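Next comes input-v3.cif, a file with mmCIF, C-alpha atoms.
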```
data_structure
#
loop_
_atom_site.label_atom_id
_atom_site.label_comp_id
_atom_site.auth_asym_id
_atom_site.auth_seq_id
_atom_site.Cartn_x
_atom_site.Cartn_y
_atom_site.Cartn_z
CA MET A 1 -52.64 9.98 -2.40
CA THR A 2 -50.93 11.17 0.73
CA ALA A 3 -51.45 14.90 0.04
CA GLN A 4 -52.73 16.71 3.10
CA LEU A 5 -55.88 18.78 2.94
CA THR A 6 -55.54 22.40 3.96
CA GLY A 7 -58.02 25.22 4.09
CA THR A 8 -57.00 26.38 0.64
CA GLY A 9 -56.76 23.01 -1.11
CA HIS A 10 -54.15 20.26 -1.53
CA ALA A 11 -50.72 21.01 -0.15
CA PRO A 12 -47.92 19.17 -1.93
CA ALA A 13 -46.79 16.18 0.12
CA VAL A 14 -43.09 16.26 0.99
CA GLY A 15 -41.41 13.09 -0.18
CA HIS A 16 -44.25 12.29 -2.57
CA SER A 17 -44.78 15.14 -5.01
CA VAL A 18 -42.17 17.42 -3.43
CA PRO A 19 -38.67 16.14 -2.63
CA ALA A 20 -37.72 15.49 0.99
CA ARG A 21 -34.25 16.68 1.86
CA TYR A 22 -31.60 14.05 2.52
CA VAL A 23 -27.94 14.64 3.28
CA VAL A 24 -25.20 12.46 1.82
CA ARG A 25 -23.77 10.59 4.81
CA SER A 26 -21.21 8.60 2.82
CA ARG A 27 -20.30 7.64 -0.70
CA ARG A 28 -18.49 4.74 -2.23
CA ASP A 29 -17.10 4.35 -5.74
CA GLU A 30 -18.34 1.03 -7.11
CA THR A 31 -16.69 1.38 -10.53
CA HIS A 32 -15.22 4.19 -12.63
CA ASP A 33 -18.72 5.56 -13.34
CA THR A 34 -20.93 4.12 -10.59
CA VAL A 35 -21.32 5.41 -7.05
CA THR A 36 -23.32 4.26 -4.04
CA LEU A 37 -24.63 7.00 -1.76
CA VAL A 38 -25.92 6.54 1.77
CA LEU A 39 -28.55 9.22 2.40
CA ARG A 40 -29.75 10.36 5.82
CA PRO A 41 -33.10 12.17 6.13
CA VAL A 42 -33.10 15.82 7.12
CA ASP A 43 -36.88 16.19 6.90
CA GLU A 44 -39.43 13.51 7.76
CA PRO A 45 -38.06 10.36 6.03
CA VAL A 46 -39.91 8.93 3.07
CA PRO A 47 -41.88 5.73 3.84
CA ALA A 48 -39.99 2.44 4.13
CA HIS A 49 -39.30 0.85 0.78
CA ARG A 50 -39.78 -2.69 -0.42
CA PRO A 51 -36.95 -4.47 -2.29
CA GLY A 52 -37.05 -3.49 -5.95
CA GLN A 53 -38.67 -0.09 -5.58
CA PHE A 54 -37.05 3.14 -6.74
CA THR A 55 -36.96 6.78 -5.74
CA MET A 56 -36.79 9.98 -7.74
CA LEU A 57 -33.49 11.56 -6.71
CA TYR A 58 -33.15 15.30 -7.18
CA ALA A 59 -29.79 16.99 -7.71
CA PHE A 60 -30.77 20.51 -6.68
CA GLY A 61 -30.48 22.95 -9.54
CA VAL A 62 -29.83 20.19 -12.08
CA GLY A 63 -32.78 17.83 -12.22
CA GLU A 64 -34.46 14.66 -11.06
CA VAL A 65 -33.99 11.04 -12.13
CA PRO A 66 -35.33 7.61 -11.09
CA ILE A 67 -32.73 5.64 -9.13
CA SER A 68 -32.93 2.11 -7.76
CA ILE A 69 -32.67 1.62 -4.04
CA SER A 70 -29.76 -0.77 -3.49
CA GLY A 71 -29.87 -1.15 0.29
CA ALA A 72 -31.99 -3.40 2.47
CA PRO A 73 -35.16 -1.83 3.88
CA VAL A 74 -33.71 -1.20 7.33
CA GLY A 75 -33.91 2.11 9.22
CA THR A 76 -34.55 5.49 7.70
CA GLU A 77 -31.38 5.84 5.66
CA LEU A 78 -31.49 5.15 1.94
CA VAL A 79 -28.74 3.40 -0.01
CA GLN A 80 -28.84 4.25 -3.70
CA THR A 81 -26.52 3.26 -6.50
CA ILE A 82 -26.13 5.64 -9.41
CA ARG A 83 -24.36 5.34 -12.74
CA ALA A 84 -23.17 8.55 -14.33
CA VAL A 85 -24.73 8.61 -17.78
CA GLY A 86 -26.23 12.11 -18.01
CA ALA A 87 -26.16 15.55 -16.42
CA VAL A 88 -28.29 14.67 -13.37
CA THR A 89 -26.66 11.33 -12.65
CA ARG A 90 -23.22 12.91 -13.06
CA ALA A 91 -24.18 15.54 -10.49
CA LEU A 92 -25.47 12.88 -8.10
CA CYS A 93 -22.34 10.77 -8.56
CA ALA A 94 -20.25 13.81 -7.74
CA ALA A 95 -22.13 14.48 -4.47
CA ARG A 96 -19.85 14.51 -1.43
CA PRO A 97 -20.69 13.77 2.22
CA GLY A 98 -22.58 16.69 3.71
CA GLU A 99 -24.20 17.73 0.44
CA MET A 100 -27.98 17.73 0.10
CA VAL A 101 -30.16 15.87 -2.39
CA GLY A 102 -33.93 15.59 -2.74
CA VAL A 103 -35.85 12.32 -2.51
CA ARG A 104 -39.36 11.40 -3.62
CA GLY A 105 -40.74 7.93 -3.25
CA PRO A 106 -40.41 5.06 -2.85
CA PHE A 107 -42.35 4.22 -5.96
CA GLY A 108 -43.39 1.20 -7.96
CA THR A 109 -43.75 -2.52 -7.49
CA ASP A 110 -41.23 -4.78 -5.77
CA TRP A 111 -39.68 -8.24 -6.09
CA GLY A 112 -42.02 -9.69 -3.45
CA ILE A 113 -39.14 -10.91 -1.27
CA GLY A 114 -40.15 -10.71 2.39
CA ALA A 115 -43.47 -9.25 1.27
CA ASP A 116 -45.63 -11.39 3.54
CA GLY A 117 -43.36 -10.91 6.53
CA ALA A 118 -43.17 -7.14 6.12
CA GLY A 119 -46.92 -6.83 5.99
CA ALA A 120 -46.61 -4.30 3.17
CA ALA A 121 -48.79 -4.62 0.12
CA SER A 122 -46.94 -6.28 -2.74
CA PRO A 123 -48.42 -7.57 -5.96
CA MET A 124 -45.88 -10.39 -5.93
CA PRO A 125 -46.20 -13.30 -3.48
CA ASP A 126 -43.21 -14.01 -1.27
CA PRO A 127 -41.52 -17.19 -2.56
CA ALA A 128 -41.22 -18.68 0.94
CA GLY A 129 -40.00 -22.27 0.82
CA ARG A 130 -38.86 -21.97 -2.78
CA ASP A 131 -35.48 -21.52 -4.46
CA ILE A 132 -34.52 -17.98 -5.44
CA LEU A 133 -32.44 -17.39 -8.56
CA VAL A 134 -31.12 -13.86 -8.97
CA VAL A 135 -29.78 -12.96 -12.43
CA ALA A 136 -28.16 -9.54 -12.73
CA GLY A 137 -26.55 -7.78 -15.64
CA GLY A 138 -24.31 -4.77 -14.98
CA ILE A 139 -25.86 -2.21 -12.67
CA GLY A 140 -29.00 -4.36 -12.69
CA LEU A 141 -27.56 -5.87 -9.52
CA ALA A 142 -28.38 -2.64 -7.65
CA PRO A 143 -32.19 -3.08 -7.46
CA LEU A 144 -31.73 -6.82 -6.84
CA ARG A 145 -29.42 -6.31 -3.88
CA PRO A 146 -32.20 -5.36 -1.40
CA ALA A 147 -34.09 -8.52 -2.35
CA LEU A 148 -30.97 -10.63 -1.91
CA LEU A 149 -30.06 -9.05 1.43
CA THR A 150 -33.62 -9.52 2.67
CA ALA A 151 -33.64 -13.16 1.57
CA LEU A 152 -30.25 -13.81 3.20
CA ALA A 153 -31.41 -12.13 6.41
CA GLY A 154 -34.30 -14.63 6.49
CA ARG A 155 -32.24 -17.47 5.06
CA GLU A 156 -34.27 -20.30 6.66
CA ARG A 157 -37.40 -18.99 4.97
CA TYR A 158 -36.18 -19.94 1.45
CA GLY A 159 -34.65 -22.89 -0.40
CA ARG A 160 -31.46 -22.49 -2.42
CA ILE A 161 -30.38 -18.94 -3.19
CA THR A 162 -28.28 -18.55 -6.32
CA VAL A 163 -26.88 -15.32 -7.73
CA LEU A 164 -25.62 -15.03 -11.31
CA VAL A 165 -23.82 -11.80 -12.12
CA GLY A 166 -22.80 -10.57 -15.56
CA SER A 167 -20.47 -7.63 -16.02
CA ARG A 168 -18.82 -5.86 -18.91
CA SER A 169 -15.33 -6.45 -17.48
CA PRO A 170 -13.73 -7.48 -14.18
CA GLU A 171 -13.12 -3.81 -13.37
CA GLU A 172 -16.82 -2.97 -13.76
CA ILE A 173 -18.30 -5.54 -11.38
CA CYS A 174 -20.60 -3.79 -8.90
CA PHE A 175 -20.57 -4.91 -5.24
CA GLY A 176 -17.84 -7.44 -6.07
CA ASP A 177 -16.26 -7.10 -2.62
CA GLN A 178 -19.53 -8.33 -1.08
CA PHE A 179 -19.81 -11.61 -2.96
CA ASP A 180 -17.85 -13.58 -0.35
CA SER A 181 -20.12 -12.36 2.43
CA TRP A 182 -23.15 -13.41 0.39
CA ARG A 183 -21.56 -16.85 -0.06
CA GLN A 184 -20.91 -17.08 3.67
CA ALA A 185 -24.56 -16.18 4.29
CA GLY A 186 -25.64 -19.16 2.19
CA ALA A 187 -25.85 -18.03 -1.43
CA GLN A 188 -24.14 -19.58 -4.43
CA VAL A 189 -22.63 -16.71 -6.42
CA LEU A 190 -21.27 -17.08 -9.97
CA VAL A 191 -19.78 -14.21 -11.91
CA THR A 192 -19.02 -13.84 -15.60
CA VAL A 193 -17.62 -11.02 -17.71
CA ASP A 194 -18.12 -10.16 -21.35
CA ARG A 195 -14.50 -9.12 -21.76
CA ALA A 196 -11.73 -10.54 -19.64
CA SER A 197 -8.64 -8.57 -18.82
CA SER A 198 -5.22 -10.04 -18.13
CA GLY A 199 -5.27 -11.98 -14.91
CA TRP A 200 -9.01 -12.72 -14.87
CA ARG A 201 -9.49 -16.45 -14.22
CA GLY A 202 -13.26 -16.52 -13.79
CA HIS A 203 -16.05 -17.16 -16.27
CA VAL A 204 -16.10 -15.33 -19.60
CA GLY A 205 -19.38 -15.18 -21.50
CA VAL A 206 -22.91 -13.86 -21.26
CA VAL A 207 -24.66 -14.18 -17.89
CA THR A 208 -27.38 -16.28 -19.52
CA GLN A 209 -24.76 -18.97 -20.20
CA LEU A 210 -24.21 -19.36 -16.44
CA ILE A 211 -27.68 -20.87 -16.23
CA ASP A 212 -26.16 -24.03 -17.72
CA ARG A 213 -23.62 -24.13 -14.88
CA ILE A 214 -26.11 -24.48 -12.05
CA ASP A 215 -28.70 -27.00 -10.96
CA ILE A 216 -32.24 -25.64 -11.25
CA ASP A 217 -35.48 -27.24 -10.10
CA PRO A 218 -37.88 -25.38 -12.42
CA ALA A 219 -40.99 -26.09 -10.36
CA ALA A 220 -39.37 -24.83 -7.16
CA THR A 221 -37.64 -21.75 -8.55
CA VAL A 222 -38.57 -18.09 -8.61
CA ALA A 223 -36.21 -16.00 -10.74
CA LEU A 224 -35.53 -12.29 -10.28
CA VAL A 225 -33.92 -10.77 -13.37
CA CYS A 226 -32.60 -7.26 -13.92
CA GLY A 227 -30.28 -5.76 -16.50
CA PRO A 228 -30.41 -4.36 -20.01
CA GLU A 229 -33.63 -5.29 -21.77
CA VAL A 230 -31.95 -7.60 -24.30
CA MET A 231 -30.24 -9.46 -21.47
CA MET A 232 -33.53 -9.82 -19.57
CA ARG A 233 -35.34 -11.07 -22.66
CA LEU A 234 -32.70 -13.72 -23.42
CA THR A 235 -32.47 -14.77 -19.78
CA ALA A 236 -36.23 -14.99 -19.29
CA ARG A 237 -36.52 -16.98 -22.50
CA ALA A 238 -33.81 -19.43 -21.33
CA LEU A 239 -35.44 -19.82 -17.92
CA ALA A 240 -38.87 -20.39 -19.46
CA ALA A 241 -37.33 -23.02 -21.76
CA LEU A 242 -36.10 -24.85 -18.66
CA GLY A 243 -39.66 -25.01 -17.44
CA ILE A 244 -39.88 -22.14 -14.98
CA GLY A 245 -43.38 -20.69 -15.21
CA GLU A 246 -43.60 -17.18 -16.65
CA PRO A 247 -45.25 -15.74 -13.48
CA ASP A 248 -42.25 -17.09 -11.54
CA ILE A 249 -39.84 -15.09 -13.69
CA ARG A 250 -39.90 -11.52 -12.41
CA VAL A 251 -38.16 -8.80 -14.41
CA SER A 252 -37.57 -5.12 -13.72
CA LEU A 253 -38.48 -2.90 -16.64
CA GLU A 254 -37.28 0.64 -17.05
CA ARG A 255 -38.67 3.48 -19.06
CA ASN A 256 -38.50 7.22 -18.78
CA MET A 257 -39.93 7.64 -15.28
CA ARG A 258 -40.62 11.30 -14.52
CA CYS A 259 -43.43 11.92 -12.03
CA GLY A 260 -43.31 8.60 -10.16
CA ILE A 261 -47.02 8.85 -9.40
CA ALA A 262 -48.59 7.68 -12.68
CA GLU A 263 -49.73 11.11 -13.78
CA CYS A 264 -47.39 12.28 -16.54
CA GLY A 265 -47.43 9.18 -18.78
CA HIS A 266 -43.73 9.36 -19.71
CA CYS A 267 -43.12 5.80 -18.53
CA GLN A 268 -46.01 4.26 -20.40
CA LEU A 269 -45.24 0.86 -21.89
CA GLY A 270 -48.30 -0.39 -23.71
CA PRO A 271 -51.14 -0.55 -21.19
CA VAL A 272 -48.96 -0.07 -18.10
CA LEU A 273 -47.41 2.93 -16.42
CA LEU A 274 -44.14 1.52 -15.16
CA CYS A 275 -43.66 3.97 -12.28
CA ARG A 276 -46.84 2.54 -10.75
CA ASP A 277 -47.42 -0.89 -12.34
CA GLY A 278 -43.68 -1.65 -12.56
CA PRO A 279 -40.76 -1.67 -12.50
CA VAL A 280 -41.10 -5.29 -11.35
CA VAL A 281 -43.54 -7.32 -13.42
CA GLY A 282 -44.01 -11.00 -14.11
CA TYR A 283 -42.66 -12.32 -17.39
CA GLU A 284 -46.16 -13.39 -18.41
CA GLN A 285 -46.85 -9.66 -18.74
CA ALA A 286 -43.35 -8.52 -19.76
CA HIS A 287 -43.15 -11.17 -22.47
CA GLN A 288 -45.83 -9.42 -24.49
CA LEU A 289 -44.45 -5.94 -23.88
CA LEU A 290 -40.82 -6.81 -24.69
CA SER A 291 -41.77 -8.46 -27.96
CA ILE A 292 -43.38 -5.34 -29.44
CA LYS A 293 -40.89 -3.41 -31.52
CA GLU A 294 -40.60 0.34 -30.94
CA LEU A 295 -42.63 0.13 -27.73
CA MET B 1 -6.17 -41.94 -18.36
CA THR B 2 -8.70 -44.76 -18.41
CA GLY B 3 -11.10 -46.30 -20.87
CA VAL B 4 -14.67 -45.06 -21.08
CA SER B 5 -17.84 -47.12 -21.12
CA ALA B 6 -20.58 -46.44 -23.64
CA ALA B 7 -22.97 -45.79 -20.76
CA GLU B 8 -20.74 -43.01 -19.40
CA LEU B 9 -20.45 -41.40 -22.82
CA ALA B 10 -24.18 -41.66 -23.52
CA ALA B 11 -24.92 -39.60 -20.41
CA HIS B 12 -22.98 -36.58 -21.70
CA ASP B 13 -25.14 -33.75 -23.07
CA PHE B 14 -23.27 -33.70 -26.39
CA LEU B 15 -23.92 -37.36 -27.16
CA ARG B 16 -27.37 -37.74 -25.64
CA GLY B 17 -29.80 -39.32 -28.09
CA LEU B 18 -27.26 -41.30 -30.14
CA ARG B 19 -28.07 -44.95 -30.71
CA PRO B 20 -26.24 -47.36 -28.35
CA ALA B 21 -24.27 -48.92 -31.21
CA GLN B 22 -23.05 -45.48 -32.28
CA VAL B 23 -21.91 -44.63 -28.77
CA GLU B 24 -20.16 -47.99 -28.55
CA ARG B 25 -18.15 -47.12 -31.65
CA LEU B 26 -17.20 -43.72 -30.23
CA ALA B 27 -16.13 -45.30 -26.95
CA ASP B 28 -13.32 -47.03 -28.84
CA ALA B 29 -11.83 -43.60 -29.58
CA ALA B 30 -12.22 -42.12 -26.08
CA VAL B 31 -10.45 -42.14 -22.75
CA ALA B 32 -11.37 -40.47 -19.45
CA VAL B 33 -8.90 -37.85 -18.29
CA ALA B 34 -8.57 -35.86 -15.08
CA VAL B 35 -6.27 -32.85 -15.24
CA PRO B 36 -5.16 -30.36 -12.61
CA ALA B 37 -5.77 -26.61 -12.73
CA GLY B 38 -3.31 -25.03 -15.12
CA HIS B 39 -3.15 -28.04 -17.46
CA ARG B 40 -2.68 -26.86 -21.03
CA PHE B 41 -4.96 -28.73 -23.44
CA PHE B 42 -3.62 -27.14 -26.61
CA GLU B 43 -1.91 -24.10 -28.06
CA GLU B 44 -3.12 -21.73 -30.76
CA GLY B 45 -1.71 -22.85 -34.13
CA GLY B 46 -1.15 -26.47 -33.12
CA ARG B 47 -2.63 -29.44 -34.96
CA ALA B 48 -6.16 -30.16 -33.77
CA ALA B 49 -5.95 -33.90 -33.15
CA GLN B 50 -8.25 -34.32 -30.15
CA PHE B 51 -11.39 -32.95 -28.60
CA TRP B 52 -12.85 -33.22 -25.12
CA LEU B 53 -16.29 -33.48 -23.55
CA ILE B 54 -16.17 -31.89 -20.10
CA THR B 55 -17.84 -33.74 -17.24
CA SER B 56 -16.66 -31.44 -14.44
CA GLY B 57 -14.42 -28.41 -14.01
CA HIS B 58 -13.81 -25.25 -15.93
CA VAL B 59 -11.76 -24.68 -19.10
CA ALA B 60 -10.71 -21.32 -20.56
CA LEU B 61 -10.19 -20.63 -24.24
CA ASP B 62 -7.57 -17.95 -24.69
CA LEU B 63 -5.87 -15.87 -27.31
CA HIS B 64 -2.26 -14.81 -27.27
CA VAL B 65 -1.76 -11.05 -27.27
CA PRO B 66 1.82 -9.91 -27.89
CA GLY B 67 3.38 -8.39 -24.79
CA LYS B 68 0.51 -9.42 -22.52
CA ALA B 69 -0.78 -12.42 -20.67
CA PRO B 70 -3.22 -14.45 -22.80
CA ILE B 71 -6.75 -13.02 -22.81
CA ILE B 72 -9.56 -15.45 -22.00
CA ILE B 73 -12.22 -15.19 -24.66
CA GLU B 74 -14.66 -17.78 -23.36
CA THR B 75 -14.97 -20.31 -20.59
CA LEU B 76 -16.50 -23.75 -20.82
CA GLY B 77 -17.78 -26.19 -18.22
CA ARG B 78 -19.74 -29.35 -17.57
CA GLY B 79 -21.58 -30.55 -20.67
CA ASP B 80 -19.47 -28.48 -23.07
CA VAL B 81 -17.18 -29.50 -25.93
CA VAL B 82 -13.58 -28.29 -25.87
CA GLY B 83 -12.15 -28.14 -29.37
CA LEU B 84 -14.07 -27.73 -32.61
CA SER B 85 -11.15 -27.10 -35.00
CA TRP B 86 -10.47 -30.83 -35.54
CA ALA B 87 -13.69 -31.18 -37.53
CA SER B 88 -12.75 -29.11 -40.58
CA PRO B 89 -9.61 -28.05 -42.46
CA PRO B 90 -7.02 -26.82 -41.75
CA ARG B 91 -7.49 -28.70 -38.44
CA GLU B 92 -5.44 -26.13 -36.58
CA TRP B 93 -6.34 -24.75 -33.14
CA GLN B 94 -7.69 -21.21 -33.38
CA PHE B 95 -7.22 -20.59 -29.65
CA GLY B 96 -5.38 -22.02 -26.70
CA ALA B 97 -7.12 -23.82 -23.85
CA ASP B 98 -6.25 -24.56 -20.27
CA ALA B 99 -7.96 -25.90 -17.18
CA VAL B 100 -8.89 -23.13 -14.76
CA GLN B 101 -9.95 -25.71 -12.18
CA PRO B 102 -9.26 -29.43 -11.82
CA THR B 103 -11.20 -30.80 -14.76
CA GLU B 104 -12.50 -34.20 -15.82
CA ALA B 105 -13.37 -34.96 -19.41
CA PHE B 106 -13.67 -37.60 -22.07
CA GLU B 107 -10.81 -37.15 -24.51
CA PHE B 108 -11.33 -38.29 -28.09
CA ASP B 109 -8.75 -39.08 -30.76
CA ALA B 110 -10.09 -36.94 -33.60
CA ASP B 111 -8.43 -38.99 -36.35
CA GLU B 112 -10.13 -42.10 -35.03
CA VAL B 113 -13.49 -40.35 -34.77
CA ILE B 114 -13.19 -39.09 -38.34
CA GLY B 115 -12.32 -42.63 -39.43
CA ILE B 116 -15.35 -44.03 -37.60
CA CYS B 117 -17.58 -41.42 -39.25
CA GLU B 118 -16.18 -42.22 -42.70
CA GLY B 119 -17.48 -45.75 -42.16
CA ASP B 120 -20.78 -44.67 -40.59
CA HIS B 121 -22.19 -41.62 -42.30
CA GLU B 122 -25.28 -41.66 -40.09
CA LEU B 123 -23.06 -41.21 -37.03
CA GLY B 124 -21.05 -38.57 -38.91
CA TYR B 125 -24.27 -36.71 -39.68
CA GLN B 126 -25.35 -36.85 -36.04
CA LEU B 127 -21.99 -35.53 -34.84
CA ALA B 128 -21.97 -32.82 -37.52
CA ARG B 129 -25.42 -31.64 -36.39
CA ARG B 130 -24.27 -31.47 -32.79
CA LEU B 131 -21.07 -29.62 -33.69
CA LEU B 132 -23.08 -27.15 -35.76
CA ALA B 133 -25.38 -26.51 -32.78
CA VAL B 134 -22.35 -25.89 -30.54
CA ALA B 135 -20.73 -23.54 -33.07
CA SER B 136 -24.00 -21.74 -33.71
CA GLY B 137 -24.59 -21.29 -29.96
CA ARG B 138 -21.12 -19.86 -29.43
CA MET B 139 -21.57 -17.50 -32.36
CA HIS B 140 -24.93 -16.37 -30.94
CA TRP B 141 -23.49 -15.52 -27.53
CA SER B 142 -20.43 -13.86 -29.11
CA ARG B 143 -22.77 -11.61 -31.09
CA ILE B 144 -24.64 -10.71 -27.91
CA ARG B 145 -21.34 -9.81 -26.24
CA MET B 146 -20.51 -7.63 -29.25
CA LEU B 147 -23.58 -5.53 -28.42
CA ASP B 148 -21.71 -4.35 -25.32
CA LEU B 149 -24.98 -4.30 -23.39
CA TYR B 150 -23.44 -3.09 -20.15
CA GLY B 151 -21.38 -0.33 -21.71
CA SER B 152 -22.21 3.31 -21.10
CA PRO B 153 -23.37 5.38 -24.09
CA GLU B 154 -19.81 6.71 -24.39
CA GLN B 155 -18.35 3.21 -24.27
CA ARG B 156 -20.80 1.99 -26.90
CA GLY B 157 -20.06 5.01 -29.03
CA GLY B 158 -23.66 6.18 -29.28
CA MET B 159 -26.70 7.35 -27.39
CA SER B 160 -28.41 5.18 -24.79
#
```
Here is the file; what I need is its structure written in the form of structure tokens.
Amino acid sequence: MTAQLTGTGHAPAVGHSVPARYVVRSRRDETHDTVTLVLRPVDEPVPAHRPGQFTMLYAFGVGEVPISISGAPVGTELVQTIRAVGAVTRALCAARPGEMVGVRGPFGTDWGIGADGAGAASPMPDPAGRDILVVAGGIGLAPLRPALLTALAGRERYGRITVLVGSRSPEEICFGDQFDSWRQAGAQVLVTVDRASSGWRGHVGVVTQLIDRIDIDPAATVALVCGPEVMMRLTARALAALGIGEPDIRVSLERNMRCGIAECGHCQLGPVLLCRDGPVVGYEQAHQLLSIKEL
Amino acid sequence: MTGVSAAELAAHDFLRGLRPAQVERLADAAVAVAVPAGHRFFEEGGRAAQFWLITSGHVALDLHVPGKAPIIIETLGRGDVVGLSWASPPREWQFGADAVQPTEAFEFDADEVIGICEGDHELGYQLARRLLAVASGRMHWSRIRMLDLYGSPEQRGGMS
């Protein structure tokens, strides 16, 4: 706990149990329903995040939701990508530069990329010297982007870096204008869509099928997978069938995070509280959890 | 267009595990082809008289939509089979196919392959099993795509 003791008891810690104020510095429309906000701290900034962690973003007067951090852990600004699917996310997506939002966090576990170098505690070992395979479905690319940017910034530290992206349609590809810069920085990037539109000449099919299009050394590979749960299950299963060890397949699970500090129990998934013990977990743990119906 | 050795064919994912004599027989019905991007393999509705095993490149299966450019419904690459319609009546292509990139493949004369299988039911059985696995895999992934996993609740027509 970071709550400060006062003469009358525990004062709520700003940025932890009480939102810190951030102002929207800029916004960018990723797709028709997805927006990336760059947030600048007004109060004391929240602690530096590790790739894969999330914050609770508060649209004042509307409500609070868990949102993935999509920017690299550099400086005090936060980059967060939000899809408008409910009242709070719609309000956040509508935020304009100069408007204020609240931030609590960062919370949860991370992908382990750069973990040793950053000196921050991470339950996942940094895969230094190994190949990194990033598999993203839809907006699942948002929480993977900080890991990818961190790995590319320390390119010599890792083996091959491969990014497989699945999207509903060409028009709904997130961060698509950045793929060339990722390629120039040393990553192989393959993209597929579920539904092609006229003029699309790329891959068409499920992102899991792209695994057959790349060369993988199972013993040397650590996979980071994020997307809808069905997509993660199928992808993790395919990667495990290739021989990648389950602890080397890291997935990001999502449940109804509310408090972010493992007190309310809304995000409980079996024996774990995902806001604290997740969202990133090894497939050796996720495998069991994802196979239980109605959990 | 050049002849293909049994050793080359045996290394392709689709034929891996066949007995050498079986691959030898199939080699008589195959040639190696290299086609440029934009090459049209076949058109929807045409007679399905060949099939291809891709060794490199990228092939798109497409469907004609009146008034629009063809829509790509699936893409195939190294290790994949292009063309399944030759194996069962009415032996008519259900889709069109063209090379998105320069593509290399083994092209088979389907009539010859069917003739070879008529004389070697064990080989026919092995090919039928492989074709069933390919068809079943494509059906599986098509069903997953039908789930519209990345769609918003509104796009999927329900609650998240």
Apply the PyMOL selection byres ((chain B) within 9 of (chain A)) to the structure shown and report the selected residues as a PDB file with C-alpha atoms, in the frame of the given file.
```
ATOM      1  CA  HIS B  58     -13.810 -25.250 -15.930  1.00  0.00           C
ATOM      2  CA  ALA B  60     -10.710 -21.320 -20.560  1.00  0.00           C
ATOM      3  CA  LYS B  68       0.510  -9.420 -22.520  1.00  0.00           C
ATOM      4  CA  ALA B  69      -0.780 -12.420 -20.670  1.00  0.00           C
ATOM      5  CA  PRO B  70      -3.220 -14.450 -22.800  1.00  0.00           C
ATOM      6  CA  ILE B  71      -6.750 -13.020 -22.810  1.00  0.00           C
ATOM      7  CA  ILE B  72      -9.560 -15.450 -22.000  1.00  0.00           C
ATOM      8  CA  ILE B  73     -12.220 -15.190 -24.660  1.00  0.00           C
ATOM      9  CA  GLU B  74     -14.660 -17.780 -23.360  1.00  0.00           C
ATOM     10  CA  THR B  75     -14.970 -20.310 -20.590  1.00  0.00           C
ATOM     11  CA  LEU B  76     -16.500 -23.750 -20.820  1.00  0.00           C
ATOM     12  CA  GLY B  77     -17.780 -26.190 -18.220  1.00  0.00           C
ATOM     13  CA  ARG B  78     -19.740 -29.350 -17.570  1.00  0.00           C
ATOM     14  CA  GLY B  79     -21.580 -30.550 -20.670  1.00  0.00           C
ATOM     15  CA  VAL B 100      -8.890 -23.130 -14.760  1.00  0.00           C
ATOM     16  CA  TRP B 141     -23.490 -15.520 -27.530  1.00  0.00           C
ATOM     17  CA  SER B 142     -20.430 -13.860 -29.110  1.00  0.00           C
ATOM     18  CA  ILE B 144     -24.640 -10.710 -27.910  1.00  0.00           C
ATOM     19  CA  ARG B 145     -21.340  -9.810 -26.240  1.00  0.00           C
ATOM     20  CA  MET B 146     -20.510  -7.630 -29.250  1.00  0.00           C
ATOM     21  CA  ASP B 148     -21.710  -4.350 -25.320  1.00  0.00           C
ATOM     22  CA  LEU B 149     -24.980  -4.300 -23.390  1.00  0.00           C
ATOM     23  CA  TYR B 150     -23.440  -3.090 -20.150  1.00  0.00           C
ATOM     24  CA  GLY B 151     -21.380  -0.330 -21.710  1.00  0.00           C
ATOM     25  CA  SER B 152     -22.210   3.310 -21.100  1.00  0.00           C
ATOM     26  CA  PRO B 153     -23.370   5.380 -24.090  1.00  0.00           C
ATOM     27  CA  GLU B 154     -19.810   6.710 -24.390  1.00  0.00           C
ATOM     28  CA  SER B 160     -28.410   5.180 -24.790  1.00  0.00           C
TER      29      SER B 160
END
```
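Compared by their closest atoms to B:Ala10, and using all atoms listed in the file, the residues B:Phe106, B:Phe42, B:Asp98, B:Val82 rank with B:Phe106 nearest.
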Would you list the residues near (-4.2, -40.5, -20.6) (no more than 7 Å away, in the coordinates of the file, using all atoms listed in the file) as a PDB file with C-alpha atoms, keeping the file's coordinate frame?
```pdb
ATOM      1  CA  MET B   1      -6.170 -41.940 -18.360  1.00  0.00           C
ATOM      2  CA  THR B   2      -8.700 -44.760 -18.410  1.00  0.00           C
ATOM      3  CA  VAL B  31     -10.450 -42.140 -22.750  1.00  0.00           C
ATOM      4  CA  VAL B  33      -8.900 -37.850 -18.290  1.00  0.00           C
TER       5      VAL B  33
END
```
>> Calculated over only C-alpha atoms, which of the candidates A:Val163, A:Val23, A:Val18, A:Val281 has the smallest distance to A:Leu269?
In response: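 Of A:Val163, A:Val23, A:Val18, A:Val281, the one nearest A:Leu269 is A:Val281, counting only C-alpha atoms.
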>> Could you tell me, as JSON, numbers by chain, exactly which residues end up selected when the PyMOL selection byres ((chain A and resi 126-131) around 12) is applied to this structure?
In response: {"A": [50, 51, 110, 111, 112, 113, 114, 115, 116, 117, 118, 119, 120, 121, 122, 123, 124, 125, 132, 133, 134, 147, 150, 151, 154, 155, 156, 157, 158, 159, 160, 161, 162, 163, 187, 188, 215, 216, 217, 218, 219, 220, 221, 222, 223, 224, 244, 247, 248, 249, 250]}
> Which value, in Å to one decimal, gives the distance between atom CA of A:Arg145 and atom CA of A:Cys275?
Replying inline: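 Answer for the atom CA of A:Arg145 to atom CA of A:Cys275 separation: 19.5 Å.
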